[in-house]
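Reproduced below: my_file_36.pdb, with PDB, C-alpha atoms, pLDDT in the B column.
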```pdb
ATOM      1  CA  MET A   1      96.924 133.615  81.832  1.00 41.00           C
ATOM      2  CA  ASP A   2      99.072 132.965  84.909  1.00 50.00           C
ATOM      3  CA  ALA A   3     102.655 131.893  84.325  1.00 54.00           C
ATOM      4  CA  SER A   4     102.404 129.507  87.276  1.00 66.00           C
ATOM      5  CA  THR A   5      99.961 127.923  89.661  1.00 92.00           C
ATOM      6  CA  ASN A   6      99.899 125.861  92.842  1.00 96.00           C
ATOM      7  CA  TRP A   7      99.180 122.145  93.196  1.00 97.00           C
ATOM      8  CA  ALA A   8      95.483 122.646  94.026  1.00 97.00           C
ATOM      9  CA  ALA A   9      94.875 124.618  90.826  1.00 96.00           C
ATOM     10  CA  PHE A  10      96.730 122.003  88.758  1.00 97.00           C
ATOM     11  CA  SER A  11      94.784 119.171  90.442  1.00 97.00           C
ATOM     12  CA  SER A  12      91.514 120.944  89.745  1.00 96.00           C
ATOM     13  CA  ALA A  13      92.397 121.560  86.096  1.00 95.00           C
ATOM     14  CA  GLU A  14      93.842 118.085  85.404  1.00 96.00           C
ATOM     15  CA  PRO A  15      92.652 115.662  88.118  1.00 97.00           C
ATOM     16  CA  GLU A  16      93.669 112.411  86.372  1.00 96.00           C
ATOM     17  CA  LEU A  17      97.204 113.551  85.594  1.00 96.00           C
ATOM     18  CA  ALA A  18      97.555 115.011  89.104  1.00 97.00           C
ATOM     19  CA  LYS A  19      96.466 111.693  90.648  1.00 96.00           C
ATOM     20  CA  THR A  20      99.033 109.800  88.519  1.00 95.00           C
ATOM     21  CA  VAL A  21     101.803 112.251  89.424  1.00 96.00           C
ATOM     22  CA  GLU A  22     101.038 112.045  93.162  1.00 96.00           C
ATOM     23  CA  ALA A  23     101.012 108.242  92.984  1.00 94.00           C
ATOM     24  CA  ARG A  24     104.440 108.226  91.302  1.00 93.00           C
ATOM     25  CA  PHE A  25     105.858 110.440  94.050  1.00 95.00           C
ATOM     26  CA  ALA A  26     104.151 108.376  96.771  1.00 94.00           C
ATOM     27  CA  ALA A  27     105.748 105.156  95.479  1.00 91.00           C
ATOM     28  CA  PHE A  28     109.163 106.146  96.881  1.00 92.00           C
ATOM     29  CA  THR A  29     110.395 108.430  99.644  1.00 92.00           C
ATOM     30  CA  HIS A  30     113.371 110.148  97.979  1.00 95.00           C
ATOM     31  CA  HIS A  31     113.300 112.061  94.717  1.00 96.00           C
ATOM     32  CA  THR A  32     115.698 114.266  92.734  1.00 97.00           C
ATOM     33  CA  LEU A  33     115.633 118.059  92.850  1.00 98.00           C
ATOM     34  CA  ALA A  34     117.550 120.204  90.367  1.00 98.00           C
ATOM     35  CA  THR A  35     118.453 123.763  91.358  1.00 98.00           C
ATOM     36  CA  LEU A  36     120.838 126.360  89.947  1.00 98.00           C
ATOM     37  CA  ARG A  37     124.203 126.988  91.575  1.00 97.00           C
ATOM     38  CA  ARG A  38     125.556 130.498  91.983  1.00 96.00           C
ATOM     39  CA  ASP A  39     127.502 130.137  88.695  1.00 97.00           C
ATOM     40  CA  GLY A  40     124.380 128.934  86.837  1.00 96.00           C
ATOM     41  CA  ALA A  41     125.423 125.286  86.666  1.00 97.00           C
ATOM     42  CA  PRO A  42     122.808 122.702  87.646  1.00 97.00           C
ATOM     43  CA  ARG A  43     122.877 121.009  91.052  1.00 98.00           C
ATOM     44  CA  THR A  44     120.948 117.785  91.653  1.00 98.00           C
ATOM     45  CA  THR A  45     120.212 116.543  95.150  1.00 97.00           C
ATOM     46  CA  GLY A  46     117.819 114.166  96.834  1.00 96.00           C
ATOM     47  CA  LEU A  47     114.848 115.209  98.927  1.00 95.00           C
ATOM     48  CA  GLU A  48     111.419 114.215 100.162  1.00 94.00           C
ATOM     49  CA  VAL A  49     108.302 116.028  98.962  1.00 96.00           C
ATOM     50  CA  ARG A  50     104.808 116.385 100.408  1.00 96.00           C
ATOM     51  CA  PHE A  51     101.439 117.064  98.834  1.00 97.00           C
ATOM     52  CA  LEU A  52      99.429 118.716 101.625  1.00 95.00           C
ATOM     53  CA  ARG A  53      96.619 121.249 101.794  1.00 93.00           C
ATOM     54  CA  GLY A  54      96.653 121.907  98.046  1.00 95.00           C
ATOM     55  CA  GLU A  55     100.384 122.590  97.869  1.00 96.00           C
ATOM     56  CA  LEU A  56     103.504 120.715  96.804  1.00 98.00           C
ATOM     57  CA  TRP A  57     106.017 121.328  99.618  1.00 98.00           C
ATOM     58  CA  LEU A  58     109.808 121.015  99.625  1.00 98.00           C
ATOM     59  CA  GLY A  59     111.443 120.759 103.047  1.00 96.00           C
ATOM     60  CA  MET A  60     115.214 121.058 103.541  1.00 96.00           C
ATOM     61  CA  MET A  61     117.882 121.071 106.220  1.00 95.00           C
ATOM     62  CA  PRO A  62     118.966 124.523 107.414  1.00 93.00           C
ATOM     63  CA  ASN A  63     121.452 126.210 105.099  1.00 94.00           C
ATOM     64  CA  SER A  64     121.601 123.223 102.753  1.00 97.00           C
ATOM     65  CA  LEU A  65     123.064 124.111  99.375  1.00 97.00           C
ATOM     66  CA  LYS A  66     119.761 123.402  97.616  1.00 98.00           C
ATOM     67  CA  ALA A  67     117.926 125.770  99.998  1.00 98.00           C
ATOM     68  CA  LEU A  68     120.534 128.480  99.415  1.00 98.00           C
ATOM     69  CA  ASP A  69     120.241 127.897  95.660  1.00 98.00           C
ATOM     70  CA  LEU A  70     116.449 128.338  95.809  1.00 98.00           C
ATOM     71  CA  ARG A  71     116.735 131.484  97.923  1.00 97.00           C
ATOM     72  CA  ARG A  72     118.992 132.968  95.253  1.00 97.00           C
ATOM     73  CA  ASP A  73     117.087 131.636  92.216  1.00 98.00           C
ATOM     74  CA  PRO A  74     113.730 129.962  92.883  1.00 98.00           C
ATOM     75  CA  ARG A  75     113.606 127.927  89.649  1.00 98.00           C
ATOM     76  CA  PHE A  76     113.632 124.159  90.125  1.00 98.00           C
ATOM     77  CA  ALA A  77     112.954 120.856  88.416  1.00 98.00           C
ATOM     78  CA  LEU A  78     111.806 117.840  90.410  1.00 98.00           C
ATOM     79  CA  GLN A  79     111.878 114.265  89.158  1.00 97.00           C
ATOM     80  CA  ALA A  80     110.090 111.346  90.792  1.00 95.00           C
ATOM     81  CA  ASN A  81     112.296 108.449  91.827  1.00 92.00           C
ATOM     82  CA  PRO A  82     112.108 105.977  88.921  1.00 86.00           C
ATOM     83  CA  GLY A  83     112.441 102.973  91.227  1.00 80.00           C
ATOM     84  CA  GLU A  84     114.374  99.799  90.663  1.00 79.00           C
ATOM     85  CA  GLY A  85     115.060  98.328  87.249  1.00 66.00           C
ATOM     86  CA  THR A  86     113.638  99.731  84.056  1.00 62.00           C
ATOM     87  CA  GLY A  87     109.907  99.215  84.608  1.00 64.00           C
ATOM     88  CA  MET A  88     109.083 102.853  85.378  1.00 65.00           C
ATOM     89  CA  GLY A  89     105.616 101.865  86.631  1.00 67.00           C
ATOM     90  CA  GLY A  90     103.371 104.857  86.069  1.00 71.00           C
ATOM     91  CA  GLY A  91     105.924 106.542  83.821  1.00 85.00           C
ATOM     92  CA  ASP A  92     108.597 109.145  84.339  1.00 92.00           C
ATOM     93  CA  VAL A  93     107.234 112.224  86.114  1.00 96.00           C
ATOM     94  CA  ARG A  94     108.796 115.691  86.276  1.00 97.00           C
ATOM     95  CA  ILE A  95     107.600 118.971  87.769  1.00 98.00           C
ATOM     96  CA  SER A  96     109.134 122.380  87.089  1.00 98.00           C
ATOM     97  CA  GLY A  97     108.430 125.696  88.696  1.00 98.00           C
ATOM     98  CA  ARG A  98     109.504 128.187  91.328  1.00 98.00           C
ATOM     99  CA  ALA A  99     110.008 127.479  95.029  1.00 98.00           C
ATOM    100  CA  ILE A 100     108.860 130.197  97.417  1.00 97.00           C
ATOM    101  CA  GLU A 101     110.261 130.042 100.952  1.00 97.00           C
ATOM    102  CA  VAL A 102     107.625 130.019 103.691  1.00 97.00           C
ATOM    103  CA  GLU A 103     108.392 132.585 106.375  1.00 93.00           C
ATOM    104  CA  ASP A 104     104.944 132.764 108.009  1.00 95.00           C
ATOM    105  CA  PRO A 105     105.151 131.001 111.419  1.00 94.00           C
ATOM    106  CA  GLU A 106     101.515 129.832 111.317  1.00 94.00           C
ATOM    107  CA  GLU A 107     101.860 128.335 107.843  1.00 93.00           C
ATOM    108  CA  LYS A 108     105.104 126.621 108.855  1.00 95.00           C
ATOM    109  CA  ALA A 109     103.500 125.349 112.097  1.00 94.00           C
ATOM    110  CA  GLY A 110     100.712 123.698 110.095  1.00 93.00           C
ATOM    111  CA  TYR A 111     103.321 121.833 108.065  1.00 95.00           C
ATOM    112  CA  VAL A 112     105.231 120.832 111.224  1.00 94.00           C
ATOM    113  CA  GLU A 113     102.032 119.501 112.793  1.00 93.00           C
ATOM    114  CA  GLU A 114     101.383 117.175 109.848  1.00 93.00           C
ATOM    115  CA  VAL A 115     104.935 116.176 108.846  1.00 93.00           C
ATOM    116  CA  GLU A 116     106.994 116.487 112.054  1.00 92.00           C
ATOM    117  CA  PRO A 117     110.258 117.345 110.269  1.00 93.00           C
ATOM    118  CA  PRO A 118     113.560 117.682 112.143  1.00 91.00           C
ATOM    119  CA  GLN A 119     113.968 121.255 113.413  1.00 92.00           C
ATOM    120  CA  PRO A 120     115.077 123.775 112.238  1.00 94.00           C
ATOM    121  CA  PHE A 121     114.379 123.518 108.513  1.00 95.00           C
ATOM    122  CA  HIS A 122     113.630 125.494 105.366  1.00 97.00           C
ATOM    123  CA  LEU A 123     110.159 125.101 103.870  1.00 97.00           C
ATOM    124  CA  PHE A 124     109.254 126.031 100.312  1.00 98.00           C
ATOM    125  CA  ARG A 125     105.849 125.948  98.627  1.00 97.00           C
ATOM    126  CA  THR A 126     105.866 125.594  94.860  1.00 98.00           C
ATOM    127  CA  GLU A 127     104.430 127.476  91.938  1.00 97.00           C
ATOM    128  CA  LEU A 128     104.212 125.109  88.982  1.00 98.00           C
ATOM    129  CA  THR A 129     105.226 126.054  85.464  1.00 97.00           C
ATOM    130  CA  GLU A 130     105.158 122.556  83.926  1.00 97.00           C
ATOM    131  CA  VAL A 131     104.206 118.971  84.753  1.00 98.00           C
ATOM    132  CA  VAL A 132     105.328 116.179  82.412  1.00 98.00           C
ATOM    133  CA  ARG A 133     104.610 112.456  82.424  1.00 96.00           C
ATOM    134  CA  THR A 134     106.440 110.250  79.918  1.00 95.00           C
ATOM    135  CA  TYR A 135     105.636 106.575  79.409  1.00 92.00           C
ATOM    136  CA  VAL A 136     105.627 103.800  76.828  1.00 89.00           C
ATOM    137  CA  GLU A 137     102.271 102.795  75.327  1.00 90.00           C
ATOM    138  CA  ASP A 138     101.680  99.387  73.732  1.00 89.00           C
ATOM    139  CA  ASP A 139     105.453  98.780  73.522  1.00 87.00           C
ATOM    140  CA  THR A 140     105.290 101.069  70.475  1.00 90.00           C
ATOM    141  CA  TYR A 141     104.859 104.718  71.373  1.00 91.00           C
ATOM    142  CA  LEU A 142     106.767 107.027  73.661  1.00 92.00           C
ATOM    143  CA  VAL A 143     104.017 109.222  75.066  1.00 95.00           C
ATOM    144  CA  ALA A 144     104.569 112.576  76.756  1.00 97.00           C
ATOM    145  CA  GLU A 145     101.733 114.329  78.564  1.00 97.00           C
ATOM    146  CA  VAL A 146     102.683 117.981  79.067  1.00 98.00           C
ATOM    147  CA  TRP A 147     100.756 120.471  81.195  1.00 97.00           C
ATOM    148  CA  GLN A 148     101.453 124.178  81.575  1.00 96.00           C
ATOM    149  CA  PRO A 149      99.332 126.736  83.465  1.00 96.00           C
ATOM    150  CA  GLY A 150      96.309 127.948  81.555  1.00 93.00           C
ATOM    151  CA  GLU A 151      96.640 125.218  78.905  1.00 94.00           C
ATOM    152  CA  PRO A 152      95.045 121.781  78.570  1.00 95.00           C
ATOM    153  CA  VAL A 153      97.333 118.748  78.702  1.00 97.00           C
ATOM    154  CA  ARG A 154      99.095 118.170  75.374  1.00 97.00           C
ATOM    155  CA  THR A 155      99.723 114.525  74.513  1.00 97.00           C
ATOM    156  CA  LEU A 156     102.619 113.807  72.157  1.00 96.00           C
ATOM    157  CA  ARG A 157     103.315 110.342  70.720  1.00 95.00           C
ATOM    158  CA  ARG A 158     106.514 109.203  69.005  1.00 94.00           C
ATOM    159  CA  THR A 159     107.441 105.834  67.567  1.00 89.00           C
TER     160      THR A 159
END
```
Go through the file and emit its structure as structure tokens.
Amino acid sequence: MDASTNWAAFSSAEPELAKTVEARFAAFTHHTLATLRRDGAPRTTGLEVRFLRGELWLGMMPNSLKALDLRRDPRFALQANPGEGTGMGGGDVRISGRAIEVEDPEEKAGYVEEVEPPQPFHLFRTELTEVVRTYVEDDTYLVAEVWQPGEPVRTLRRT
């Protein structure tokens, strides 16, 4: 069993959950990324994400602290913008994994062609270790759908 996988493999394994997660991220432009500072403390920052060509991409300004954090320690957690109020339409969505910086000029050029980001920039593709969706069902249950590579989605309900 792999310890991680890319977005295409996750989408293939769990298409309904993947569709819900992508829709939650598409609902807003800015989301929250958590990285690890040099001293091990968490750092949260905003960023935009893209789902393109079977990958979840993280693009960042050159030498941003979050990019430097990921170069040093690739572990991350990403949370979809919850939106206004307390409705949380579609639930709370979080993705954890490792961010791998893209150095290949052709791969980076393909991203630039589709996204047209400000230049220069850091580009990271992601290897997923967990995807979680939490929502309220029937005003009664707190439901968590948890996916990890090589495992089916586990659904947990609490009252």
Got a sec: who's within 8 Å of Arg24 of chain A, counting all atoms listed in the file, leaving out chain neighbours fewer than 2 positions off, as a tab-separated table (two decimals) with C-alpha atoms, in the frame of the given file?
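Done, and the output landed in selection.tsv:
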```tsv
chain	number	residue	atom	x	y	z
A	20	THR	CA	99.03	109.80	88.52
A	21	VAL	CA	101.80	112.25	89.42
A	22	GLU	CA	101.04	112.04	93.16
A	26	ALA	CA	104.15	108.38	96.77
A	27	ALA	CA	105.75	105.16	95.48
A	28	PHE	CA	109.16	106.15	96.88
A	80	ALA	CA	110.09	111.35	90.79
A	81	ASN	CA	112.30	108.45	91.83
A	89	GLY	CA	105.62	101.86	86.63
A	90	GLY	CA	103.37	104.86	86.07
A	91	GLY	CA	105.92	106.54	83.82
A	93	VAL	CA	107.23	112.22	86.11
```
Pull out every residue that the PyMOL selection byres ((chain A and resi 70) around 9) matches in the shown coordinates and put them as a list in words. Thr35, Leu36, Arg37, Leu65, Lys66, Ala67, Leu68, Asp69, Arg71, Arg72, Asp73, Pro74, Arg75, Phe76, Arg98, Ala99, Ile100, Glu101 and Phe124 of chain A
Item checked: Leu47 of chain A environment, 8 Å, all atoms listed in the file, sequence neighbours closer than 2 positions dropped, as a list in words ->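 Selected residues are His30, His31, Thr32, Leu33, Thr45, Val49, Leu58, Gly59 and Met60 of chain A.
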Based on the selection just made, write C-alpha atoms of those residues as a JSON list (two decimals), in the frame of the given file.
```json
[["chain", "number", "residue", "atom", "x", "y", "z"],
["A", 30, "HIS", "CA", 113.37, 110.15, 97.98],
["A", 31, "HIS", "CA", 113.30, 112.06, 94.72],
["A", 32, "THR", "CA", 115.70, 114.27, 92.73],
["A", 33, "LEU", "CA", 115.63, 118.06, 92.85],
["A", 45, "THR", "CA", 120.21, 116.54, 95.15],
["A", 49, "VAL", "CA", 108.30, 116.03, 98.96],
["A", 58, "LEU", "CA", 109.81, 121.02, 99.62],
["A", 59, "GLY", "CA", 111.44, 120.76, 103.05],
["A", 60, "MET", "CA", 115.21, 121.06, 103.54]]
```
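Between Leu52 of chain A and the candidates A:Glu130, A:Asp138, A:Glu113, A:Asp92, the tightest atom-to-atom separation, counting only C-alpha atoms, involves A:Glu113.
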What's the 12 Å shell around Ser11 of chain A, counting all atoms listed in the file, without same-chain residues fewer than 4 positions away, as a list in words?
->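 Counting only the stated atoms, we get Thr5, Asn6, Trp7, Pro15, Glu16, Leu17, Ala18, Lys19, Thr20, Val21, Glu22, Phe51, Arg53, Gly54, Glu55, Leu56, Leu128, Val131, Trp147 and Pro149 of chain A.
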Check what the PyMOL selection byres ((chain A and resi 115) around 12) selects in the file above and give those residues as a compact mmCIF listing (two decimals) with C-alpha atoms, keeping the file's coordinate frame.
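Done, and the output landed in expr_0.txt:
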```txt
# COMPACT_ATOMS: atom_id res chain seq x y z
CA GLU A 48 111.42 114.22 100.16
CA VAL A 49 108.30 116.03 98.96
CA ARG A 50 104.81 116.38 100.41
CA PHE A 51 101.44 117.06 98.83
CA LEU A 52 99.43 118.72 101.62
CA TRP A 57 106.02 121.33 99.62
CA LEU A 58 109.81 121.02 99.62
CA GLY A 59 111.44 120.76 103.05
CA LYS A 108 105.10 126.62 108.86
CA ALA A 109 103.50 125.35 112.10
CA GLY A 110 100.71 123.70 110.10
CA TYR A 111 103.32 121.83 108.06
CA VAL A 112 105.23 120.83 111.22
CA GLU A 113 102.03 119.50 112.79
CA GLU A 114 101.38 117.18 109.85
CA GLU A 116 106.99 116.49 112.05
CA PRO A 117 110.26 117.34 110.27
CA PRO A 118 113.56 117.68 112.14
CA GLN A 119 113.97 121.26 113.41
CA PHE A 121 114.38 123.52 108.51
CA LEU A 123 110.16 125.10 103.87
```
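Atom to atom, atom CA of Asn63 of chain A and atom CA of Arg125 of chain A stand 16.9 Å apart.
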